[in-house]
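Shown here: my_file-v8.cif, mmCIF, C-alpha atoms and all ligand atoms.
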```cif
data_work
loop_
_atom_site.label_atom_id
_atom_site.label_comp_id
_atom_site.auth_asym_id
_atom_site.auth_seq_id
_atom_site.Cartn_x
_atom_site.Cartn_y
_atom_site.Cartn_z
CA GLN V 1 0.00 0.00 0.00
CA LEU V 2 1.01 3.54 -0.70
CA VAL V 3 2.74 5.15 2.26
CA ASN V 4 2.10 8.85 2.81
CA THR V 5 5.62 10.06 3.47
CA PHE V 6 4.50 13.69 3.30
CA GLU V 7 7.60 14.59 1.28
CA THR V 8 5.80 16.09 -1.73
CA PRO V 9 2.75 18.29 -2.37
CA GLU V 10 1.08 15.25 -3.98
CA GLU V 11 0.93 13.72 -0.51
CA GLU V 12 -0.86 16.64 1.08
CA LEU V 13 -3.85 15.76 3.20
CA ILE V 14 -6.83 17.81 4.28
CA THR V 15 -6.32 19.77 7.47
CA PHE V 16 -8.62 22.08 9.31
CA ASN V 17 -9.59 23.37 12.72
CA ALA V 18 -13.02 23.24 14.30
CA GLY V 19 -13.99 26.90 14.19
CA GLY V 20 -12.34 27.45 10.84
CA ASP V 21 -9.22 29.40 11.79
CA THR V 22 -5.81 28.63 10.22
CA PRO V 23 -5.25 24.86 10.45
CA LEU V 24 -2.86 23.86 13.20
CA PHE V 25 -1.67 20.83 11.22
CA GLU V 26 0.93 21.76 8.61
CA ARG V 27 3.24 19.77 6.36
CA GLY V 28 6.97 20.44 6.39
CA VAL V 29 10.20 20.03 8.33
CA PRO V 30 9.63 19.78 12.11
CA THR V 31 11.95 22.07 14.07
CA GLY V 32 10.58 21.91 17.59
CA ALA V 33 12.89 21.60 20.62
CA LEU V 34 11.55 18.09 21.27
CA LEU V 35 9.66 17.17 18.12
CA ASN V 36 12.11 17.49 15.25
CA THR V 37 12.52 14.14 13.51
CA ALA V 38 11.00 12.65 10.38
CA VAL V 39 10.85 8.91 9.73
CA SER V 40 10.97 9.22 5.94
CA GLY V 41 12.86 12.07 4.30
CA THR V 42 12.62 15.36 6.14
CA GLN V 43 8.92 16.21 6.26
CA VAL V 44 5.98 15.35 8.50
CA TYR V 45 2.60 16.72 9.50
CA GLY V 46 2.74 18.59 12.79
CA THR V 47 0.61 20.78 15.04
CA ASN V 48 2.74 23.81 14.30
CA LEU V 49 6.07 22.53 12.96
CA ASP V 50 8.34 25.00 14.73
CA GLY V 51 6.93 25.32 18.22
CA ASP V 52 3.93 25.10 20.48
CA HIS V 53 0.35 24.60 19.39
CA THR V 54 -2.36 27.13 20.22
CA ASN V 55 -4.71 27.05 23.20
CA GLY V 56 -8.34 26.09 22.86
CA THR V 57 -8.02 24.31 19.53
CA ILE V 58 -9.47 21.19 17.95
CA ALA V 59 -7.38 20.38 14.86
CA TYR V 60 -7.99 17.64 12.28
CA LEU V 61 -5.73 15.79 9.87
CA TYR V 62 -7.79 13.79 7.34
CA SER V 63 -6.60 10.71 5.52
CA GLN V 64 -7.52 9.87 1.97
CA CYS V 65 -10.47 7.54 1.41
CA TYR V 66 -9.64 3.81 1.58
CA ASN V 67 -11.47 0.87 0.08
CA LEU V 68 -10.77 -1.71 2.79
CA SER V 69 -12.90 -4.35 1.06
CA ASN V 70 -10.09 -4.73 -1.45
CA ILE V 71 -7.34 -5.13 1.14
CA ILE V 72 -6.57 -8.41 2.86
CA GLY V 73 -5.70 -7.91 6.54
CA PRO V 74 -5.74 -4.09 6.60
CA VAL V 75 -3.81 -2.42 9.43
CA LEU V 76 -3.67 1.34 9.92
CA LYS V 77 -0.12 2.45 10.65
CA PHE V 78 1.63 5.74 11.27
CA HIS V 79 4.57 7.11 13.19
CA MET V 80 3.96 9.78 15.80
CA ALA V 81 5.87 11.65 18.50
CA PHE V 82 4.10 13.92 20.95
CA GLU V 83 4.36 16.39 23.75
CA ILE V 84 0.80 16.81 25.02
CA GLU V 85 -0.19 18.38 28.35
CA LEU V 86 -0.95 15.26 30.40
CA ASP V 87 -4.66 14.70 31.07
CA TRP V 88 -5.58 18.16 29.78
CA ASP V 89 -4.84 17.94 26.06
CA LEU V 90 -5.12 14.81 23.91
CA ALA V 91 -4.96 13.19 20.49
CA TYR V 92 -6.96 10.29 19.06
CA VAL V 93 -8.12 8.76 15.76
CA GLN V 94 -11.64 8.70 14.38
CA TYR V 95 -13.06 7.10 11.25
CA THR V 96 -16.12 7.50 9.05
CA THR V 97 -17.73 5.06 6.63
CA ASP V 98 -20.39 7.47 5.34
CA GLY V 99 -18.41 10.30 3.83
CA GLY V 100 -18.02 12.24 7.06
CA ASP V 101 -21.63 12.37 8.31
CA ASN V 102 -20.76 10.28 11.37
CA TRP V 103 -17.38 9.83 13.06
CA SER V 104 -16.46 7.08 15.53
CA LEU V 105 -13.49 6.67 17.82
CA LEU V 106 -11.05 4.11 16.40
CA GLY V 107 -9.94 1.57 18.98
CA SER V 108 -9.62 1.58 22.75
CA ALA V 109 -6.85 2.02 25.29
CA SER V 110 -6.62 -1.75 25.76
CA ASP V 111 -5.69 -2.37 22.12
CA PRO V 112 -2.00 -3.21 21.67
CA ASN V 113 0.31 -0.57 20.24
CA TRP V 114 -2.33 2.11 20.29
CA TYR V 115 -3.55 4.69 22.86
CA ASN V 116 -1.82 5.26 26.21
CA SER V 117 -4.78 6.57 28.23
CA SER V 118 -8.29 5.32 29.03
CA ARG V 119 -9.32 8.40 31.03
CA PHE V 120 -12.69 9.92 30.27
CA ALA V 121 -14.40 13.15 31.26
CA GLY V 122 -15.95 12.87 34.71
CA ASP V 123 -14.31 9.55 35.55
CA GLY V 124 -13.65 10.75 39.12
CA ILE V 125 -9.95 9.82 39.04
CA ALA V 126 -8.79 13.44 39.18
CA ASP V 127 -10.09 16.92 38.53
CA ASN V 128 -8.90 17.06 34.92
CA CYS V 129 -9.38 15.23 31.60
CA TYR V 130 -12.48 17.30 30.84
CA ASN V 131 -12.00 16.66 27.11
CA CYS V 132 -10.91 13.03 27.41
CA VAL V 133 -12.89 10.57 25.28
CA GLY V 134 -11.96 7.32 27.04
CA ALA V 135 -9.17 6.31 24.68
CA GLN V 136 -6.40 8.72 23.63
CA TRP V 137 -2.78 9.71 23.63
CA THR V 138 -1.73 12.26 26.25
CA GLY V 139 1.56 13.08 27.97
CA THR V 140 4.94 12.88 26.26
CA ASN V 141 6.74 10.46 23.95
CA ALA V 142 9.23 12.50 21.94
CA ILE V 143 10.59 9.50 20.02
CA MET V 144 8.95 8.76 16.69
CA THR V 145 7.03 5.55 17.40
CA GLU V 146 4.99 3.42 15.02
CA TYR V 147 1.39 2.94 16.12
CA SER V 148 -0.81 0.34 14.45
CA TYR V 149 -4.42 -0.71 14.57
CA ALA V 150 -5.84 -3.86 12.94
CA LEU V 151 -8.93 -2.84 10.97
CA ASP V 152 -10.66 -6.23 11.21
CA ALA V 153 -14.03 -4.68 12.01
CA LEU V 154 -13.94 -2.54 8.86
CA THR V 155 -12.93 -5.06 6.21
CA ASN V 156 -16.30 -4.85 4.45
CA GLU V 157 -16.16 -1.07 4.17
CA SER V 158 -15.36 0.40 0.76
CA GLU V 159 -15.09 4.06 1.76
CA VAL V 160 -13.24 4.64 5.01
CA ILE V 161 -11.69 7.97 5.92
CA PHE V 162 -9.60 8.42 9.05
CA ARG V 163 -8.76 11.61 10.86
CA ILE V 164 -6.33 12.40 13.64
CA VAL V 165 -7.91 14.72 16.17
CA PHE V 166 -5.76 16.98 18.34
CA HIS V 167 -7.64 18.70 21.15
CA ALA V 168 -6.02 21.44 23.26
CA ASP V 169 -7.82 22.95 26.24
CA PRO V 170 -7.75 26.73 26.96
CA PHE V 171 -4.57 26.73 29.08
CA VAL V 172 -0.93 25.61 28.75
CA VAL V 173 0.58 24.86 25.36
CA GLU V 174 3.24 22.33 24.41
CA GLU V 175 4.66 21.14 21.11
CA GLY V 176 1.73 18.87 20.28
CA ILE V 177 2.22 16.02 17.80
CA ILE V 178 4.12 15.16 14.63
CA VAL V 179 3.04 12.36 12.27
CA ASP V 180 4.85 10.60 9.42
CA ASN V 181 4.40 7.56 7.14
CA PHE V 182 0.64 7.25 7.39
CA TYR V 183 -0.83 4.27 5.50
CA VAL V 184 -3.04 1.22 5.51
CA ASP V 185 -0.86 -1.87 5.39
CA GLY V 186 -2.10 -5.11 3.88
CA THR V 187 -2.33 -6.95 0.59
CA LEU V 188 -4.45 -5.74 -2.28
CA SER V 189 -6.86 -8.46 -3.34
CA ALA V 190 -6.29 -9.87 -6.82
CA GLU V 191 -9.26 -8.16 -8.45
CA GLU V 192 -8.22 -4.71 -7.35
CA PHE V 193 -4.62 -5.35 -8.28
CA GLU V 194 -5.46 -6.41 -11.82
CA LEU V 195 -7.54 -3.30 -12.23
CA GLY V 196 -4.50 -1.27 -11.41
CA GLY V 197 -5.10 -0.25 -7.82
CA PHE V 198 -6.57 3.21 -8.18
CA LEU V 199 -5.95 5.62 -5.36
CA ILE V 200 -7.69 8.97 -5.15
CA TYR V 201 -6.48 11.68 -2.84
CA PRO V 202 -7.14 13.90 -1.15
CA ASN V 203 -10.77 12.89 -0.76
CA PRO V 204 -12.63 14.98 0.37
CA SER V 205 -10.99 17.81 -1.57
CA ASP V 206 -11.62 21.49 -2.20
CA ASP V 207 -10.68 21.33 -5.87
CA ILE V 208 -8.01 18.88 -7.11
CA PHE V 209 -8.35 15.12 -6.84
CA ASN V 210 -5.22 13.15 -7.72
CA ILE V 211 -5.94 9.84 -9.42
CA ARG V 212 -2.98 7.55 -8.95
CA THR V 213 -2.65 4.09 -10.47
CA ALA V 214 -0.29 1.43 -9.20
CA ASN V 215 0.51 0.24 -12.73
CA ALA V 216 1.02 2.08 -16.01
CA ILE V 217 -2.35 1.43 -17.65
CA ASN V 218 -4.70 3.38 -19.87
CA TYR V 219 -8.18 4.09 -18.61
CA ASP V 220 -11.28 6.18 -19.25
CA PHE V 221 -13.36 7.86 -16.65
CA THR V 222 -16.72 9.55 -16.29
CA LEU V 223 -17.69 11.82 -13.45
CA THR V 224 -21.37 11.94 -12.48
CA ASP V 225 -23.22 13.95 -9.87
CA LEU V 226 -25.75 12.54 -7.41
CA THR V 227 -28.54 12.76 -10.01
CA GLY V 228 -26.53 10.59 -12.39
CA LYS V 229 -25.77 13.42 -14.80
CA ILE V 230 -22.36 13.12 -16.47
CA VAL V 231 -20.38 16.25 -15.65
CA ARG V 232 -16.99 15.19 -17.03
CA LYS V 233 -15.78 12.49 -19.37
CA VAL V 234 -12.15 11.82 -20.21
CA THR V 235 -10.87 8.98 -22.37
CA ASP V 236 -7.51 7.31 -22.72
CA VAL V 237 -5.77 8.65 -19.64
CA ASN V 238 -2.27 7.20 -19.52
CA ALA V 239 -0.71 9.19 -16.69
CA GLN V 240 0.01 7.32 -13.46
CA ASN V 241 -0.80 10.55 -11.67
CA TYR V 242 -3.76 12.43 -13.12
CA GLN V 243 -5.07 15.64 -11.60
CA LEU V 244 -8.83 15.99 -11.77
CA ASP V 245 -9.58 19.67 -11.24
CA MET V 246 -13.10 20.21 -9.94
CA SER V 247 -12.71 23.82 -8.88
CA GLY V 248 -15.80 25.86 -9.67
CA MET V 249 -18.12 22.87 -9.42
CA ALA V 250 -20.84 22.64 -6.78
CA ALA V 251 -19.77 21.09 -3.49
CA GLY V 252 -21.18 17.65 -2.81
CA ILE V 253 -20.84 13.99 -3.65
CA TYR V 254 -19.77 12.79 -7.10
CA PHE V 255 -19.10 9.35 -8.52
CA LEU V 256 -15.98 8.66 -10.53
CA ARG V 257 -16.37 5.61 -12.78
CA LEU V 258 -13.04 4.29 -14.00
CA GLU V 259 -12.84 1.79 -16.83
CA SER V 260 -9.84 -0.07 -18.11
CA GLU V 261 -9.80 -3.06 -20.44
CA GLY V 262 -13.41 -3.93 -19.65
CA ARG V 263 -12.95 -3.64 -15.90
CA VAL V 264 -14.91 -1.02 -14.06
CA GLN V 265 -14.57 0.57 -10.69
CA THR V 266 -16.54 3.38 -9.13
CA LYS V 267 -15.29 5.68 -6.39
CA LYS V 268 -17.15 8.32 -4.44
CA LEU V 269 -15.62 11.79 -4.42
CA ILE V 270 -16.52 14.43 -1.89
CA LEU V 271 -16.03 17.98 -3.13
CA LYS V 272 -15.95 20.42 -0.24
CA CA N 301 8.33 12.07 5.83
CA CA N 302 -3.44 22.59 27.35
CA CA N 303 4.49 21.71 17.45
#
```
As structure tokens, what does this structure read like?
Ligand SMILES: [Ca+2]
Ligand SMILES: [Ca+2]
Ligand SMILES: [Ca+2]
Amino acid sequence: QLVNTFETPEEELITFNAGGDTPLFERGVPTGALLNTAVSGTQVYGTNLDGDHTNGTIAYLYSQCYNLSNIIGPVLKFHMAFEIELDWDLAYVQYTTDGGDNWSLLGSASDPNWYNSSRFAGDGIADNCYNCVGAQWTGTNAIMTEYSYALDALTNESEVIFRIVFHADPFVVEEGIIVDNFYVDGTLSAEEFELGGFLIYPNPSDDIFNIRTANAINYDFTLTDLTGKIVRKVTDVNAQNYQLDMSGMAAGIYFLRLESEGRVQTKKLILK
């Protein structure tokens, strides 16, 4: 599976803050006092690359959309290092299977190689953790560490998007988190592999969707809106990386139907 090394603009993901101010997550070289290492190359995603995060912020880093039904034994993996105000600020992972309408917490604190805290708001253990969700990372681990989560419960899902949530309370800032080499590990099933293994990212997107194929193949595609109307048709694409520019089109859900040598695959695109 394609690893997001975050080294190039093609690997940019969607970032934003609840409230809509400048996203805390940014891609680049981390230069914090504690958080300053990449696993691949030089670049990562971080909650402010060169210093402390901001107070009172909920920041999101969205993954691309994954078709887990085509992956045998999918495991979500990424490297992360963090300096998070213990039991006051936190980070965790959510997922959606319905294009972002509903988000669920991914995993629990008892899962191996995953969260380090099971505190929840109002658990009576101490007078803190007001934002805790019952399964999260909090405290400090400044060494880039690979976290992994077996996605056994989601293997029938064809459109899964993950997001890393970073939640800072109104007081005391630290360096936050840095993330590198984000991907879903596993083996592509034969059918998907023969079709070429299309990957579309970012998805959702504001304008550009990159269509990447694992193999050098020619394909056609049609783009339809929710009513089934064809809004774009392109034949004989032979680029392994094709940029579908949807700027100026109405926000919403579209279906991208890819066809190559008689094989067809349809992907849902979310234009923000
Ligand atoms: Ca990197
Ligand atoms: Ca704080
Ligand atoms: Ca930082």
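Residue nearest ligand CA 301 (chain N), chosen from V:Lys272, V:Arg257, V:Lys229, V:Arg27 and counting all atoms listed in the file: V:Arg27.
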**Item:** Nearest candidate to ligand CA 301 (chain N) (options V:Ser148, V:Thr42, V:Thr31, V:Ser117; using only C-alpha atoms and all ligand atoms)
**Value:** V:Thr42
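Taking CA of Ile208 (chain V) as the reference point, CA of Asp245 (chain V) is found at 4.5 Å.
For Asp236 (chain V), the residues within 6 Å (counting all atoms listed in the file, excluding itself and residues fewer than 3 positions away along the chain) are Asn218, Tyr219 and Asp220 of chain V.
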**Message:** Show me which residues line ligand CA 301 (chain N), defined as having an atom within 12 Å of a ligand atom where all atoms listed in the file count, and present them as number ranges by chain.
**Reply:** V: 3-9, 11-12, 27-30, 36-46, 78-80, 144, 178-182
Mind dumping the selected residues with C-alpha atoms as a compact mmCIF listing (two decimals), in the coordinates of the input?
```
# COMPACT_ATOMS: atom_id res chain seq x y z
CA VAL V 3 2.74 5.15 2.26
CA ASN V 4 2.10 8.85 2.81
CA THR V 5 5.62 10.06 3.47
CA PHE V 6 4.50 13.69 3.30
CA GLU V 7 7.60 14.59 1.28
CA THR V 8 5.80 16.09 -1.73
CA PRO V 9 2.75 18.29 -2.37
CA GLU V 11 0.93 13.72 -0.51
CA GLU V 12 -0.86 16.64 1.08
CA ARG V 27 3.24 19.77 6.36
CA GLY V 28 6.97 20.44 6.39
CA VAL V 29 10.20 20.03 8.33
CA PRO V 30 9.63 19.78 12.11
CA ASN V 36 12.11 17.49 15.25
CA THR V 37 12.52 14.14 13.51
CA ALA V 38 11.00 12.65 10.38
CA VAL V 39 10.85 8.91 9.73
CA SER V 40 10.97 9.22 5.94
CA GLY V 41 12.86 12.07 4.30
CA THR V 42 12.62 15.36 6.14
CA GLN V 43 8.92 16.21 6.26
CA VAL V 44 5.98 15.35 8.50
CA TYR V 45 2.60 16.72 9.50
CA GLY V 46 2.74 18.59 12.79
CA PHE V 78 1.63 5.74 11.27
CA HIS V 79 4.57 7.11 13.19
CA MET V 80 3.96 9.78 15.80
CA MET V 144 8.95 8.76 16.69
CA ILE V 178 4.12 15.16 14.63
CA VAL V 179 3.04 12.36 12.27
CA ASP V 180 4.85 10.60 9.42
CA ASN V 181 4.40 7.56 7.14
CA PHE V 182 0.64 7.25 7.39
```
Select from chain V every residue with an atom at most 12 Å from any atom of ligand CA 302 (chain N), then for each give the shortest pair of atoms and their distance in Å to one decimal, using all atoms listed in the file, rows by chain and rising number, as a tab-separated table.
```
residue	atom	partner	partner_atom	distance
V:Asp52	CA	N:CA302	CA	10.4
V:His53	CA	N:CA302	CA	9.0
V:Thr54	CA	N:CA302	CA	8.5
V:Asn55	CA	N:CA302	CA	6.2
V:Gly56	CA	N:CA302	CA	7.5
V:Thr57	CA	N:CA302	CA	9.2
V:Ile58	CA	N:CA302	CA	11.3
V:Glu83	CA	N:CA302	CA	10.6
V:Ile84	CA	N:CA302	CA	7.5
V:Glu85	CA	N:CA302	CA	5.4
V:Leu86	CA	N:CA302	CA	8.3
V:Asp87	CA	N:CA302	CA	8.8
V:Trp88	CA	N:CA302	CA	5.5
V:Asp89	CA	N:CA302	CA	5.0
V:Leu90	CA	N:CA302	CA	8.7
V:Ala91	CA	N:CA302	CA	11.7
V:Asn128	CA	N:CA302	CA	10.8
V:Cys129	CA	N:CA302	CA	10.4
V:Tyr130	CA	N:CA302	CA	11.0
V:Asn131	CA	N:CA302	CA	10.4
V:Thr138	CA	N:CA302	CA	10.5
V:Gly139	CA	N:CA302	CA	10.8
V:Phe166	CA	N:CA302	CA	10.9
V:His167	CA	N:CA302	CA	8.4
V:Ala168	CA	N:CA302	CA	5.0
V:Asp169	CA	N:CA302	CA	4.5
V:Pro170	CA	N:CA302	CA	6.0
V:Phe171	CA	N:CA302	CA	4.6
V:Val172	CA	N:CA302	CA	4.2
V:Val173	CA	N:CA302	CA	5.0
V:Glu174	CA	N:CA302	CA	7.3
V:Glu175	CA	N:CA302	CA	10.3
V:Gly176	CA	N:CA302	CA	9.5
```
Using C-alpha atoms, can you export the residues from the last selection as a short mmCIF file (atom, residue, chain, number, x, y, z; two decimals), in the frame of the given file?
```
data_model
loop_
_atom_site.label_atom_id
_atom_site.label_comp_id
_atom_site.auth_asym_id
_atom_site.auth_seq_id
_atom_site.Cartn_x
_atom_site.Cartn_y
_atom_site.Cartn_z
CA ASP V 52 3.93 25.10 20.48
CA HIS V 53 0.35 24.60 19.39
CA THR V 54 -2.36 27.13 20.22
CA ASN V 55 -4.71 27.05 23.20
CA GLY V 56 -8.34 26.09 22.86
CA THR V 57 -8.02 24.31 19.53
CA ILE V 58 -9.47 21.19 17.95
CA GLU V 83 4.36 16.39 23.75
CA ILE V 84 0.80 16.81 25.02
CA GLU V 85 -0.19 18.38 28.35
CA LEU V 86 -0.95 15.26 30.40
CA ASP V 87 -4.66 14.70 31.07
CA TRP V 88 -5.58 18.16 29.78
CA ASP V 89 -4.84 17.94 26.06
CA LEU V 90 -5.12 14.81 23.91
CA ALA V 91 -4.96 13.19 20.49
CA ASN V 128 -8.90 17.06 34.92
CA CYS V 129 -9.38 15.23 31.60
CA TYR V 130 -12.48 17.30 30.84
CA ASN V 131 -12.00 16.66 27.11
CA THR V 138 -1.73 12.26 26.25
CA GLY V 139 1.56 13.08 27.97
CA PHE V 166 -5.76 16.98 18.34
CA HIS V 167 -7.64 18.70 21.15
CA ALA V 168 -6.02 21.44 23.26
CA ASP V 169 -7.82 22.95 26.24
CA PRO V 170 -7.75 26.73 26.96
CA PHE V 171 -4.57 26.73 29.08
CA VAL V 172 -0.93 25.61 28.75
CA VAL V 173 0.58 24.86 25.36
CA GLU V 174 3.24 22.33 24.41
CA GLU V 175 4.66 21.14 21.11
CA GLY V 176 1.73 18.87 20.28
#
```
**Request:** Identify, on the basis of only C-alpha atoms, every residue whose closest approach to Ala251 (chain V) does not exceed 9 Å; exclude the query and any residue fewer than 2 positions from it along the same chain; express the result as a count of residues only.
**Result:** 7
**Item:** Shell of 10 Å around Asp152 (chain V), only C-alpha atoms, local chain residues under 6 positions omitted, as a ChimeraX atom specification
**Value:** /V:68,72-75
Output C-alpha atoms for every residue in the selection just made, as a CSV table (one decimal), in the frame of the given file.
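Once written, out-v8.csv looks like this:
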```
chain,number,residue,atom,x,y,z
V,68,LEU,CA,-10.8,-1.7,2.8
V,72,ILE,CA,-6.6,-8.4,2.9
V,73,GLY,CA,-5.7,-7.9,6.5
V,74,PRO,CA,-5.7,-4.1,6.6
V,75,VAL,CA,-3.8,-2.4,9.4
```
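With all atoms listed in the file as the atoms that count, the minimum distance from Leu106 (chain V) to the choices V:Arg163, V:Arg232, V:Arg119, V:Arg212 is reached by V:Arg163.
Proximity ranking of V:Thr15, V:Asn67, V:Asn210, V:Ser118 relative to Tyr242 (chain V) places V:Asn210 first, based on all atoms listed in the file.
Atom to atom, CA of Tyr92 (chain V) and CA of Val165 (chain V) stand 5.4 Å apart.
Distances here use only C-alpha atoms and all ligand atoms; by that measure, the residue among V:Leu35, V:Leu13, V:Ile211, V:Ala250 closest to ligand CA 303 (chain N) is V:Leu35.
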**Asked** Taking only C-alpha atoms and all ligand atoms into account, which of V:Glu26, V:Ala135, V:Gly51, V:Leu269 comes nearest ligand CA 303 (chain N)?
**Response** V:Gly51
**Prompt:** By how many Å are CA of Thr96 (chain V) and CA of Asp123 (chain V) apart?
**Reply:** 26.6 Å
Return the padded bounding box of region 254-269 of chain V as JSON: axis-aligned, built from all atoms listed in the file, 4 Å added on each side, with centre and edge lengths in Å to one decimal.
```
{"center_x": -14.8, "center_y": 4.4, "center_z": -12.4, "size_x": 18.0, "size_y": 24.7, "size_z": 24.0}
```
**Message:** Taking (-13.0, 4.4, 4.0) as a centre in this file's frame and 9 Å as the limit, can you find every polymer residue with an atom that close, using only C-alpha atoms, and give them as a ChimeraX atom specification?
**Reply:** /V:64-68,95-99,154,157-162
